[in-house]
Amino acid sequence: MSRSLRSYLAGFCMALLGSTTLAHAQPAPLDRTVLPIAEPTPPTYTELDVRSTQPPPPFKVQAPEGAPNVVIILIDDLGFGATTTFGGPIETPTLDRLASEGLRYTNFHTTALCSPTRVALKSGRNHHTANAGSIMETATAYPGNTGKIPNSVAPLAEMLRLNGYSTGAFGKWHETAPWETSTSGPFDRWPTRQGFDKFYGFIGGETDQWAPSLFDGVTRVHPAKKNGYHFTEDMTDQAINWMKAQQSFTPDKPFFMYFATGAVHAPHHVPRDWIARYEGQFDDGWDKVRQETLARQKKAGIVPANTDLPPRPEDLAAWDSLPETHRKLFSHQADVFAAFVGHTDHNIGRLVDAIADIGELDNTLVFYIAGDNGTSAEGGMIGMYNEMSYFNGVQENIEDMLPLMDKWGSQETFPHMAAGWAVAFDAPFKWTKQVASDFGGTRNGMVVHWPRGISNGGGLRTQFGHVIDIAPTILEAAGLPEPKIVNGTPQTPIEGTSLLYSFNDAGAPERHTTQYFEMFGNRGIYKDGWMARTVHRLPWATGQQKPLDSDVWELYNVKQDFSLAHDLAAKMPDKLESLQAAFMVEAQKHHVLPIDDRTVERLNPELAGRPDLIGDRTSMTLYEGMEGMLENTFINVKNRSKTITAELEIPEGGATGAVLVQGGHFGGWSLHFRDGRPVYEYNWLGLKHYTVESPTAVPGGKATVKLDFAYEGGGMGKGGQATLFVNGRQVASGRIERTQPLIFSADEGADVGVDNASPVAKGIGHGPDETRFTGRIQKVTVAVR
């Protein structure tokens with residue numbers, strides 16, 4: 001402190017306190033339990049001339065001395081038994097490297113599904129406490145499932161930002177209620193209002209890795225145009241650039257980075273040269289892979305030597321029973337998935353290397369969580385060329401997929417793999433993603449790397465952990481208290497338990513001793529080394545489920561039965577009953593009740609009881625520049641008749657480009673101009689294109705183009721007659737044989753005057769530069785009936 005500043009402070013204190021004794025006067029410590037931290041009361045002056053005074057020291061919130069940088073890496077849809085780090089067959093050298101210098105947690109858990117895991121991870125509260133009982137697209141009206149993160153559940157990023165951290169999020173978000181994703185907001189639950197200074201990624205649950213729908217903050221942006229573009233590589237570049245710039249400007253300010261890849265969620269998109277590295281690796285099939293994984297896990301001490309494999313789910317075929325052509329297709333699906341994992345880990349390695357390059361790796365606390373849930377079985381029994389088939393209830397067949405094998409993983413596919421691989425990559429457990437009552441759905445490998453905070457790297461940790469434990473761990477590592485009030489709202493206490501106690505004590509007794517699990521009726525409870533559970537719904541089932549009160553519960557001694565292979569319910573009914581009662585206590589406390597096991601019905605806002613931005617409106621007027629309107633914020637044109645009326649100005653020589661489109665290459669519809677002629681094209685799941693096209697061009701000047709689609713009715717996904725009119729005169733008509741009943745795309749929305757991301761229609765180009773309408777659009781009105 002300078003001499004003049006000391007003199008100023010002494011004089012200020014004397015004037016304020018009326019005392020000549022200053023020996024014990026110290027600046028008041030910051031109260032970090034109330035955020036934002038309150039600024040000090042400014043002094044008042046009696047002097048007339050500023051030259052005879054000194055200003056007070058500037059108020060600045062800084063992180064505690066020595067607080068580490070923090071990076072959370074979260075992979076999507078990757079199970080416990082997939083990576084080499086945890087005994088699996090897929091090479092993950094970055095995860096291996098961090099584990100060799102850090103810690104492997106073999107008893108760490110998620111919620112079994114993406115949105116709930118992400119919200120719980122970044123808040124330290126259970127997913128139902130944060131109103132994220134399921135994915136945002138299946139939110140309901142009930143507490144615990146509304147899809148609206150409450151202000152009383154402030155996210156970790158906001159806690160760190162208000163304590164002097166720079167914060168950035170990259171990749172997948174999937175924490176915003178679907179009716180809050182339009183231009184009208186509100187933006188309270190978008191990343192940049194959930195504590196992050198910077199966000200670059202996609203807002204929904206999945207994206208096309210070759211042609212993603214991206215946001216920078218709340219602004220829609222287009223990916224860079226370059227050959228071989230892939231989103232994982234792009235988001236890695238963005239994260240590295242942000243981090244280096246942040247450290248360049250403020251090297252003494254720690255950063256918090258949330259790096260959540262869209263990989264390895266379907267679609268399984270990966271460069272061809274990566275696929276070649278894994279070609280043939282999985283020819284022995286899922287049963288053999290599962291057995292070999294368990295053997296490696298035992299040898300490495302990842303699982304106890306007495307761990308048994310539970311039987312394969314009855315719905316899944318034994319590999320040796322499959323025809324050769326089926327095995328050929330399925331093994332290639334696994335090759336592509338493994339390549340996707342390897343490619344993702346490679347890019348994470350680039351990020352880790354960049355942190356090391358600027359000299360920050362030693363004091364960066366890295367959590368590399370290999371999966372937000374188990375591997376996905378949503379590919380069904382045979383996998384699929386286009387994942388949108390699954391979400392529309394359409395069953396693909398092997399004969400149609402076999403000719404597409406060479407394209408698997410490319411821009412021409414939107415693929416998923418057969419469920420047998422999900423079980424194999426979740427070894428040594430029986431079930432998969434969505435099954436919250438089985439560790440195959442919730443047990444995920446985690447590596448923690450922090451050279452400055454972990455004294456002996458390379459160890460294993462077996463204490464029970466859960467995603468709600470990460471936030472309190474970070475707060476403790478940074479020397480920060482849990483806030484009681486954030487932005488004026490009293491906070492729901494953090495429900496997780498810091499794992500910091502285990503960093504340097506492998507034998508420390510576990511502190512997180514009770515944890516409930518629930519997702520779509522699959523439910524259970526872990527308590528003091530025991531697990532009681534019921535598998536209510538299989539991950540590939542979409543129909544009506546059995547009554548909840550008829551579920552059969554099972555009991556496992558987790559300390560002696562790592563893989564939940566030996567049910568003790570019949571031998572210990574009293575123990576089971578006590579755990580069932582404990583589940584009900586936790587379920588009531590955390591807003592799990594009433595349990596909602598519906599799936600497809602919850603996709604319908606009216607049936608689910610959640611807000612619907614469009615509601616019962618039957619028309620919507622759109623204007624040029626309205627782009628990226630996600631499906632939940634656009635008028636629903638499925639399973640009904642519609643008219644699209646476009647008021648246009650056609651340039652001399654004719655128009656080209658998109659007028660209004662919805663969806664993308666793997667399903668949607670488009671009203672556009674091609675060579676001056678208006679065209680309506682319906683793209684059914686990327687497999688069949690139905691086109692109604694005017695035989696003549698529209699001359700320059702004002703024009704009204706109308707498309708009328710008369711739906712034939714008789715159920716969902718039926719066809720109808722499409723008729724084109726120009727200035728009131730019919731110019732073309734044709735039949736659309738089939739339509740998509742439930743969804744066009746998870747992330748490609750509706751665009752006016754352009755077709756962003758992947759193209760819906762053939763022959764008008766790719767991306768905004770090639771598909772932009774060359775005339776002017778006054779307005780477009782969509783009406784349904």
# chains A, B, ... in the order shown; residues from 1 in each chain; ligands from 1

call {"tool": "residues_around", "arguments": {"residues": "Met519 in chain A", "least_positions_apart": "6", "cutoff": "7 Å", "atoms": "only C-alpha atoms", "output": "ChimeraX atom specification"}}
result
/A:134,434-436

call {"tool": "write_last_selection", "arguments": {"atoms": "N, CA, C and O atoms", "output": "PDB file, in the first residue's frame"}}
result
ATOM      1  N   SER A 134     -37.444 -34.095 -15.910  1.00  0.00           N
ATOM      2  CA  SER A 134     -37.258 -34.784 -17.182  1.00  0.00           C
ATOM      3  C   SER A 134     -36.606 -33.793 -18.141  1.00  0.00           C
ATOM      4  O   SER A 134     -36.191 -32.702 -17.740  1.00  0.00           O
ATOM      5  N   GLN A 434     -31.971 -43.521 -19.481  1.00  0.00           N
ATOM      6  CA  GLN A 434     -33.387 -43.448 -19.115  1.00  0.00           C
ATOM      7  C   GLN A 434     -33.746 -44.329 -17.930  1.00  0.00           C
ATOM      8  O   GLN A 434     -34.745 -44.075 -17.260  1.00  0.00           O
ATOM      9  N   VAL A 435     -32.962 -45.359 -17.640  1.00  0.00           N
ATOM     10  CA  VAL A 435     -33.296 -46.264 -16.537  1.00  0.00           C
ATOM     11  C   VAL A 435     -32.589 -45.763 -15.278  1.00  0.00           C
ATOM     12  O   VAL A 435     -31.469 -46.172 -14.953  1.00  0.00           O
ATOM     13  N   ALA A 436     -33.279 -44.866 -14.570  1.00  0.00           N
ATOM     14  CA  ALA A 436     -32.675 -44.232 -13.396  1.00  0.00           C
ATOM     15  C   ALA A 436     -32.521 -45.193 -12.228  1.00  0.00           C
ATOM     16  O   ALA A 436     -31.802 -44.888 -11.270  1.00  0.00           O
TER      17      ALA A 436
END

call {"tool": "residues_around", "arguments": {"residues": "range 578-581 of chain A", "least_positions_apart": "3", "cutoff": "9 Å", "atoms": "only C-alpha atoms", "output": "ChimeraX atom specification"}}
result
/A:524-527,530-533,553,555,573-575,584-586

call {"tool": "write_last_selection", "arguments": {"atoms": "all heavy atoms", "output": "CSV table (one decimal), in the first residue's frame"}}
result
chain,number,residue,atom,x,y,z
A,524,GLY,N,-35.6,-45.5,-7.6
A,524,GLY,CA,-34.9,-46.3,-6.6
A,524,GLY,C,-34.3,-45.4,-5.6
A,524,GLY,O,-34.3,-44.1,-5.7
A,525,ILE,N,-33.6,-46.0,-4.7
A,525,ILE,CA,-32.9,-45.2,-3.7
A,525,ILE,C,-31.6,-45.9,-3.2
A,525,ILE,O,-31.6,-47.1,-3.0
A,525,ILE,CB,-33.8,-44.9,-2.4
A,525,ILE,CG1,-33.1,-43.9,-1.5
A,525,ILE,CG2,-34.2,-46.2,-1.7
A,525,ILE,CD1,-34.0,-43.3,-0.4
A,526,TYR,N,-30.6,-45.1,-3.1
A,526,TYR,CA,-29.3,-45.6,-2.5
A,526,TYR,C,-29.2,-45.1,-1.1
A,526,TYR,O,-29.4,-43.9,-0.9
A,526,TYR,CB,-28.1,-45.1,-3.3
A,526,TYR,CG,-26.8,-45.4,-2.7
A,526,TYR,CD1,-26.1,-46.6,-2.9
A,526,TYR,CD2,-26.2,-44.5,-1.8
A,526,TYR,CE1,-24.9,-46.9,-2.3
A,526,TYR,CE2,-25.0,-44.8,-1.2
A,526,TYR,CZ,-24.3,-46.0,-1.4
A,526,TYR,OH,-23.1,-46.3,-0.8
A,527,LYS,N,-28.9,-46.0,-0.2
A,527,LYS,CA,-28.8,-45.6,1.2
A,527,LYS,C,-27.9,-46.5,2.0
A,527,LYS,O,-28.1,-47.7,2.1
A,527,LYS,CB,-30.2,-45.6,1.9
A,527,LYS,CG,-30.2,-45.0,3.3
A,527,LYS,CD,-31.7,-44.9,3.8
A,527,LYS,CE,-31.7,-44.4,5.3
A,527,LYS,NZ,-31.2,-43.0,5.4
A,530,TRP,N,-26.8,-49.7,0.3
A,530,TRP,CA,-27.9,-50.5,-0.2
A,530,TRP,C,-28.7,-49.8,-1.3
A,530,TRP,O,-28.7,-48.6,-1.3
A,530,TRP,CB,-28.9,-50.9,0.9
A,530,TRP,CG,-28.3,-51.9,1.9
A,530,TRP,CD1,-27.5,-51.6,2.9
A,530,TRP,CD2,-28.4,-53.3,1.8
A,530,TRP,NE1,-27.1,-52.7,3.6
A,530,TRP,CE2,-27.6,-53.8,3.0
A,530,TRP,CE3,-29.0,-54.2,1.0
A,530,TRP,CZ2,-27.5,-55.2,3.2
A,530,TRP,CZ3,-28.9,-55.6,1.3
A,530,TRP,CH2,-28.2,-56.0,2.4
A,531,MET,N,-29.2,-50.6,-2.3
A,531,MET,CA,-30.0,-50.0,-3.4
A,531,MET,C,-31.3,-50.8,-3.5
A,531,MET,O,-31.3,-52.0,-3.6
A,531,MET,CB,-29.2,-50.1,-4.7
A,531,MET,CG,-30.0,-49.6,-5.9
A,531,MET,SD,-29.9,-47.8,-6.0
A,531,MET,CE,-30.7,-47.5,-7.6
A,532,ALA,N,-32.4,-50.1,-3.4
A,532,ALA,CA,-33.7,-50.6,-3.7
A,532,ALA,C,-34.2,-49.9,-4.9
A,532,ALA,O,-34.1,-48.7,-5.1
A,532,ALA,CB,-34.7,-50.4,-2.5
A,533,ARG,N,-34.8,-50.7,-5.8
A,533,ARG,CA,-35.2,-50.2,-7.1
A,533,ARG,C,-36.3,-50.9,-7.8
A,533,ARG,O,-36.5,-52.1,-7.5
A,533,ARG,CB,-34.0,-50.1,-8.0
A,533,ARG,CG,-33.3,-51.4,-8.4
A,533,ARG,CD,-33.9,-51.9,-9.8
A,533,ARG,NE,-33.3,-53.1,-10.3
A,533,ARG,CZ,-32.2,-53.1,-11.1
A,533,ARG,NH1,-31.5,-52.0,-11.4
A,533,ARG,NH2,-31.8,-54.3,-11.6
A,553,TRP,N,-40.3,-54.4,-6.7
A,553,TRP,CA,-39.1,-53.8,-6.3
A,553,TRP,C,-38.0,-54.9,-6.0
A,553,TRP,O,-38.3,-56.0,-5.6
A,553,TRP,CB,-39.3,-53.0,-5.0
A,553,TRP,CG,-39.9,-51.7,-5.3
A,553,TRP,CD1,-41.2,-51.4,-5.7
A,553,TRP,CD2,-39.3,-50.4,-5.1
A,553,TRP,NE1,-41.4,-50.1,-5.8
A,553,TRP,CE2,-40.3,-49.4,-5.5
A,553,TRP,CE3,-38.1,-50.0,-4.7
A,553,TRP,CZ2,-40.0,-48.0,-5.4
A,553,TRP,CZ3,-37.8,-48.6,-4.6
A,553,TRP,CH2,-38.8,-47.7,-5.0
A,555,LEU,N,-33.8,-55.5,-4.4
A,555,LEU,CA,-32.9,-55.1,-3.3
A,555,LEU,C,-31.5,-55.6,-3.6
A,555,LEU,O,-31.3,-56.8,-3.9
A,555,LEU,CB,-33.4,-55.6,-1.9
A,555,LEU,CG,-32.5,-55.3,-0.7
A,555,LEU,CD1,-32.5,-53.8,-0.4
A,555,LEU,CD2,-33.0,-56.1,0.5
A,573,PRO,N,-37.0,-59.0,3.1
A,573,PRO,CA,-38.2,-58.1,2.8
A,573,PRO,C,-38.3,-56.9,3.8
A,573,PRO,O,-38.7,-55.8,3.3
A,573,PRO,CB,-39.4,-59.0,3.0
A,573,PRO,CG,-38.9,-60.1,3.9
A,573,PRO,CD,-37.4,-60.3,3.5
A,574,ASP,N,-37.8,-57.0,5.0
A,574,ASP,CA,-37.9,-55.9,5.9
A,574,ASP,C,-36.9,-54.8,5.5
A,574,ASP,O,-37.3,-53.6,5.6
A,574,ASP,CB,-37.6,-56.3,7.3
A,574,ASP,CG,-38.6,-57.2,7.9
A,574,ASP,OD1,-39.8,-57.3,7.4
A,574,ASP,OD2,-38.3,-58.0,8.9
A,575,LYS,N,-35.8,-55.1,5.0
A,575,LYS,CA,-34.8,-54.2,4.5
A,575,LYS,C,-35.4,-53.4,3.3
A,575,LYS,O,-35.3,-52.2,3.2
A,575,LYS,CB,-33.5,-54.8,4.2
A,575,LYS,CG,-32.4,-53.9,3.7
A,575,LYS,CD,-31.9,-53.0,4.8
A,575,LYS,CE,-30.7,-52.1,4.4
A,575,LYS,NZ,-30.3,-51.2,5.5
A,584,MET,N,-40.0,-42.8,-0.5
A,584,MET,CA,-41.1,-42.0,-0.5
A,584,MET,C,-40.9,-40.7,0.3
A,584,MET,O,-41.4,-39.6,0.0
A,584,MET,CB,-42.3,-42.7,0.1
A,584,MET,CG,-42.8,-43.9,-0.7
A,584,MET,SD,-43.4,-43.3,-2.4
A,584,MET,CE,-44.9,-42.4,-1.9
A,585,VAL,N,-40.1,-40.8,1.4
A,585,VAL,CA,-39.7,-39.6,2.1
A,585,VAL,C,-38.9,-38.6,1.2
A,585,VAL,O,-39.2,-37.4,1.1
A,585,VAL,CB,-38.9,-40.0,3.4
A,585,VAL,CG1,-38.3,-38.7,4.0
A,585,VAL,CG2,-39.7,-40.7,4.4
A,586,GLU,N,-37.9,-39.2,0.5
A,586,GLU,CA,-37.1,-38.3,-0.4
A,586,GLU,C,-38.0,-37.8,-1.5
A,586,GLU,O,-37.8,-36.6,-2.0
A,586,GLU,CB,-35.9,-39.1,-0.9
A,586,GLU,CG,-34.9,-39.5,0.1
A,586,GLU,CD,-34.2,-38.3,0.8
A,586,GLU,OE1,-33.6,-37.5,0.0
A,586,GLU,OE2,-34.3,-38.2,2.0

call {"tool": "closest_residue", "arguments": {"among": "A:Asp320, A:Asp596, A:Asp357, A:Asp77", "to": "Gly262 in chain A", "atoms": "only C-alpha atoms"}}
result
A:Asp77

call {"tool": "select_by_dssp", "arguments": {"residues": "range 133-359 of chain A", "states": "alpha helix (DSSP H)", "output": "PyMOL selection string"}}
result
chain A and resi 156-161+231-249+272-278+286-299+324-357

call {"tool": "residues_around", "arguments": {"residues": "Leu630 in chain A", "least_positions_apart": "3", "cutoff": "10 Å", "atoms": "only C-alpha atoms", "output": "list in words"}}
result
Pro178, Trp179, Thr181, Ser182, Ile203, Gly204, Ser213, Glu627, Thr633, Phe634, Gln662, Gly663, Ser745, Ala746, Asp747, Glu748, Gly749, Ala750 and Asp751 of chain A

call {"tool": "residues_around", "arguments": {"residues": "Ala356 in chain A", "least_positions_apart": "5", "cutoff": "12 Å", "atoms": "only C-alpha atoms", "output": "PyMOL selection string"}}
result
chain A and resi 240+243-244+349-351+361-364+451

call {"tool": "write_last_selection", "arguments": {"atoms": "N, CA, C and O atoms", "output": "PDB file, in the first residue's frame"}}
result
ATOM      1  N   ILE A 240     -11.144 -22.519 -26.654  1.00  0.00           N
ATOM      2  CA  ILE A 240      -9.723 -22.187 -26.514  1.00  0.00           C
ATOM      3  C   ILE A 240      -9.503 -20.694 -26.718  1.00  0.00           C
ATOM      4  O   ILE A 240      -8.779 -20.031 -25.947  1.00  0.00           O
ATOM      5  N   MET A 243     -10.791 -18.673 -23.714  1.00  0.00           N
ATOM      6  CA  MET A 243      -9.946 -18.839 -22.537  1.00  0.00           C
ATOM      7  C   MET A 243      -8.640 -18.063 -22.679  1.00  0.00           C
ATOM      8  O   MET A 243      -8.205 -17.357 -21.738  1.00  0.00           O
ATOM      9  N   LYS A 244      -8.005 -18.151 -23.840  1.00  0.00           N
ATOM     10  CA  LYS A 244      -6.736 -17.446 -24.035  1.00  0.00           C
ATOM     11  C   LYS A 244      -6.939 -15.937 -23.968  1.00  0.00           C
ATOM     12  O   LYS A 244      -6.127 -15.219 -23.366  1.00  0.00           O
ATOM     13  N   GLY A 349      -8.595 -33.166 -25.771  1.00  0.00           N
ATOM     14  CA  GLY A 349      -7.142 -33.105 -25.605  1.00  0.00           C
ATOM     15  C   GLY A 349      -6.567 -31.791 -26.107  1.00  0.00           C
ATOM     16  O   GLY A 349      -5.635 -31.233 -25.509  1.00  0.00           O
ATOM     17  N   ARG A 350      -7.122 -31.279 -27.193  1.00  0.00           N
ATOM     18  CA  ARG A 350      -6.667 -29.967 -27.683  1.00  0.00           C
ATOM     19  C   ARG A 350      -6.945 -28.875 -26.664  1.00  0.00           C
ATOM     20  O   ARG A 350      -6.135 -27.962 -26.455  1.00  0.00           O
ATOM     21  N   LEU A 351      -8.111 -28.963 -26.006  1.00  0.00           N
ATOM     22  CA  LEU A 351      -8.453 -27.977 -24.983  1.00  0.00           C
ATOM     23  C   LEU A 351      -7.496 -28.077 -23.792  1.00  0.00           C
ATOM     24  O   LEU A 351      -6.983 -27.061 -23.303  1.00  0.00           O
ATOM     25  N   LEU A 361      -2.517 -25.178 -16.305  1.00  0.00           N
ATOM     26  CA  LEU A 361      -3.071 -26.500 -16.029  1.00  0.00           C
ATOM     27  C   LEU A 361      -2.881 -26.923 -14.569  1.00  0.00           C
ATOM     28  O   LEU A 361      -3.764 -27.560 -13.991  1.00  0.00           O
ATOM     29  N   ASP A 362      -1.767 -26.547 -13.960  1.00  0.00           N
ATOM     30  CA  ASP A 362      -1.519 -26.986 -12.587  1.00  0.00           C
ATOM     31  C   ASP A 362      -2.574 -26.475 -11.614  1.00  0.00           C
ATOM     32  O   ASP A 362      -2.912 -27.155 -10.643  1.00  0.00           O
ATOM     33  N   ASN A 363      -3.085 -25.275 -11.867  1.00  0.00           N
ATOM     34  CA  ASN A 363      -4.102 -24.741 -10.963  1.00  0.00           C
ATOM     35  C   ASN A 363      -5.454 -24.648 -11.659  1.00  0.00           C
ATOM     36  O   ASN A 363      -6.204 -23.695 -11.450  1.00  0.00           O
ATOM     37  N   THR A 364      -5.737 -25.634 -12.487  1.00  0.00           N
ATOM     38  CA  THR A 364      -7.067 -25.754 -13.089  1.00  0.00           C
ATOM     39  C   THR A 364      -7.691 -27.056 -12.611  1.00  0.00           C
ATOM     40  O   THR A 364      -7.141 -28.141 -12.827  1.00  0.00           O
ATOM     41  N   PRO A 451      -3.449 -30.771 -10.335  1.00  0.00           N
ATOM     42  CA  PRO A 451      -2.119 -31.017  -9.765  1.00  0.00           C
ATOM     43  C   PRO A 451      -1.860 -30.255  -8.475  1.00  0.00           C
ATOM     44  O   PRO A 451      -1.200 -30.772  -7.562  1.00  0.00           O
TER      45      PRO A 451
END

call {"tool": "atom_distance", "arguments": {"atom1": "CA of Ser498 in chain A", "atom2": "CA of Gly88 in chain A"}}
result
28.0 Å

call {"tool": "closest_atom_pairs", "arguments": {"of": "range 704-779 of chain A", "to": "range 617-622 of chain A", "cutoff": "9 Å", "atoms": "only C-alpha atoms", "output": "Markdown table"}}
result
| residue | atom | partner | partner_atom | distance |
| --- | --- | --- | --- | --- |
| A:Val752 | CA | A:Leu622 | CA | 7.3 |
| A:Gln778 | CA | A:Leu622 | CA | 9.0 |
| A:Lys779 | CA | A:Leu622 | CA | 5.7 |

call {"tool": "write_last_selection", "arguments": {"atoms": "N, CA, C and O atoms", "output": "PDB file, in the first residue's frame"}}
result
ATOM      1  N   VAL A 752     -37.652 -17.811 -42.426  1.00  0.00           N
ATOM      2  CA  VAL A 752     -38.290 -17.008 -43.461  1.00  0.00           C
ATOM      3  C   VAL A 752     -37.211 -16.437 -44.367  1.00  0.00           C
ATOM      4  O   VAL A 752     -36.270 -15.787 -43.896  1.00  0.00           O
ATOM      5  N   GLN A 778     -42.851  -9.516 -48.069  1.00  0.00           N
ATOM      6  CA  GLN A 778     -43.612  -8.570 -47.246  1.00  0.00           C
ATOM      7  C   GLN A 778     -44.093  -9.252 -45.975  1.00  0.00           C
ATOM      8  O   GLN A 778     -43.916  -8.736 -44.879  1.00  0.00           O
ATOM      9  N   LYS A 779     -44.703 -10.400 -46.146  1.00  0.00           N
ATOM     10  CA  LYS A 779     -45.122 -11.194 -45.000  1.00  0.00           C
ATOM     11  C   LYS A 779     -45.541 -12.574 -45.480  1.00  0.00           C
ATOM     12  O   LYS A 779     -45.854 -12.780 -46.664  1.00  0.00           O
TER      13      LYS A 779
END

call {"tool": "closest_residue", "arguments": {"among": "A:Asn386, A:Ala478, A:Val448, A:Asp216", "to": "Pro254 in chain A", "atoms": "only C-alpha atoms"}}
result
A:Ala478

call {"tool": "residues_around", "arguments": {"residues": "Asp561 in chain A", "least_positions_apart": "3", "cutoff": "9 Å", "atoms": "only C-alpha atoms", "output": "PyMOL selection string"}}
result
chain A and resi 304+306-308+556-558+564-566

call {"tool": "residues_around", "arguments": {"residues": "Thr691 in chain A", "least_positions_apart": "5", "cutoff": "8 Å", "atoms": "only C-alpha atoms", "output": "number ranges by chain"}}
result
A: 679-682, 734

call {"tool": "closest_residue", "arguments": {"among": "A:Asn636, A:Thr599, A:Thr774, A:Asn392", "to": "Pro651 in chain A", "atoms": "only C-alpha atoms"}}
result
A:Thr774

call {"tool": "residues_around", "arguments": {"residues": "Leu156 in chain A", "least_positions_apart": "4", "cutoff": "7 Å", "atoms": "only C-alpha atoms", "output": "list in words"}}
result
Lys122, Ser123, Leu160 and Ala471 of chain A

call {"tool": "select_by_dssp", "arguments": {"residues": "range 96-244 of chain A", "states": "strand (DSSP E)", "output": "PyMOL selection string"}}
result
chain A and resi 103-105+108-109+166-172+198-202+214-216+219-221

call {"tool": "write_last_selection", "arguments": {"atoms": "N, CA, C and O atoms", "output": "CSV table (one decimal), in the first residue's frame"}}
result
chain,number,residue,atom,x,y,z
A,103,LEU,N,-7.5,-38.5,-10.5
A,103,LEU,CA,-8.3,-39.5,-9.8
A,103,LEU,C,-9.4,-40.0,-10.7
A,103,LEU,O,-10.1,-39.2,-11.4
A,104,ARG,N,-9.6,-41.3,-10.6
A,104,ARG,CA,-10.8,-41.9,-11.3
A,104,ARG,C,-11.8,-42.2,-10.2
A,104,ARG,O,-11.6,-42.9,-9.2
A,105,TYR,N,-13.0,-41.7,-10.4
A,105,TYR,CA,-14.2,-42.0,-9.5
A,105,TYR,C,-15.0,-43.1,-10.2
A,105,TYR,O,-15.6,-42.9,-11.3
A,108,PHE,N,-19.6,-42.8,-9.2
A,108,PHE,CA,-20.2,-41.5,-9.5
A,108,PHE,C,-21.4,-41.6,-10.3
A,108,PHE,O,-21.5,-42.5,-11.2
A,109,HIS,N,-22.4,-40.8,-10.1
A,109,HIS,CA,-23.7,-41.0,-10.7
A,109,HIS,C,-24.3,-39.7,-11.3
A,109,HIS,O,-24.1,-38.6,-10.8
A,166,SER,N,-14.4,-15.2,-14.4
A,166,SER,CA,-14.9,-15.2,-15.8
A,166,SER,C,-15.6,-16.5,-16.1
A,166,SER,O,-15.1,-17.6,-15.7
A,167,THR,N,-16.7,-16.5,-16.8
A,167,THR,CA,-17.5,-17.7,-17.0
A,167,THR,C,-17.8,-17.9,-18.5
A,167,THR,O,-18.3,-17.0,-19.1
A,168,GLY,N,-17.6,-19.1,-19.0
A,168,GLY,CA,-18.0,-19.4,-20.4
A,168,GLY,C,-18.5,-20.8,-20.5
A,168,GLY,O,-18.1,-21.7,-19.9
A,169,ALA,N,-19.6,-20.9,-21.4
A,169,ALA,CA,-20.2,-22.2,-21.6
A,169,ALA,C,-20.1,-22.5,-23.1
A,169,ALA,O,-20.4,-21.6,-24.0
A,170,PHE,N,-19.8,-23.7,-23.5
A,170,PHE,CA,-19.6,-24.1,-24.9
A,170,PHE,C,-20.3,-25.4,-25.1
A,170,PHE,O,-20.1,-26.4,-24.4
A,171,GLY,N,-21.0,-25.5,-26.2
A,171,GLY,CA,-21.6,-26.8,-26.6
A,171,GLY,C,-23.1,-26.9,-26.4
A,171,GLY,O,-23.9,-26.0,-26.7
A,172,LYS,N,-23.5,-28.0,-25.8
A,172,LYS,CA,-24.9,-28.3,-25.6
A,172,LYS,C,-25.4,-27.6,-24.3
A,172,LYS,O,-24.8,-27.6,-23.3
A,198,LYS,N,-20.2,-15.8,-21.5
A,198,LYS,CA,-20.1,-16.2,-22.9
A,198,LYS,C,-20.8,-17.5,-23.1
A,198,LYS,O,-20.6,-18.5,-22.3
A,199,PHE,N,-21.5,-17.7,-24.2
A,199,PHE,CA,-22.1,-18.9,-24.6
A,199,PHE,C,-21.9,-19.1,-26.1
A,199,PHE,O,-22.2,-18.2,-26.8
A,200,TYR,N,-21.5,-20.3,-26.5
A,200,TYR,CA,-21.4,-20.6,-27.9
A,200,TYR,C,-21.8,-22.0,-28.0
A,200,TYR,O,-21.2,-22.9,-27.5
A,201,GLY,N,-23.0,-22.3,-28.7
A,201,GLY,CA,-23.4,-23.7,-28.8
A,201,GLY,C,-24.9,-23.7,-29.3
A,201,GLY,O,-25.4,-22.8,-29.9
A,202,PHE,N,-25.5,-24.8,-29.0
A,202,PHE,CA,-26.9,-25.0,-29.4
A,202,PHE,C,-27.8,-25.2,-28.1
A,202,PHE,O,-27.4,-25.6,-27.1
A,214,LEU,N,-26.8,-22.8,-34.2
A,214,LEU,CA,-25.9,-22.2,-33.2
A,214,LEU,C,-26.4,-20.9,-32.7
A,214,LEU,O,-27.0,-20.1,-33.4
A,215,PHE,N,-26.0,-20.6,-31.4
A,215,PHE,CA,-26.2,-19.3,-30.8
A,215,PHE,C,-24.9,-18.8,-30.2
A,215,PHE,O,-24.2,-19.6,-29.6
A,216,ASP,N,-24.7,-17.5,-30.4
A,216,ASP,CA,-23.6,-16.9,-29.6
A,216,ASP,C,-24.3,-15.9,-28.6
A,216,ASP,O,-24.9,-14.9,-29.1
A,219,THR,N,-27.9,-14.7,-29.7
A,219,THR,CA,-28.0,-14.3,-31.2
A,219,THR,C,-27.7,-15.5,-32.0
A,219,THR,O,-26.7,-16.2,-31.8
A,220,ARG,N,-28.6,-15.8,-33.0
A,220,ARG,CA,-28.4,-16.9,-33.9
A,220,ARG,C,-27.2,-16.6,-34.8
A,220,ARG,O,-27.1,-15.5,-35.4
A,221,VAL,N,-26.3,-17.5,-34.9
A,221,VAL,CA,-25.1,-17.4,-35.8
A,221,VAL,C,-25.0,-18.6,-36.7
A,221,VAL,O,-25.5,-19.7,-36.4
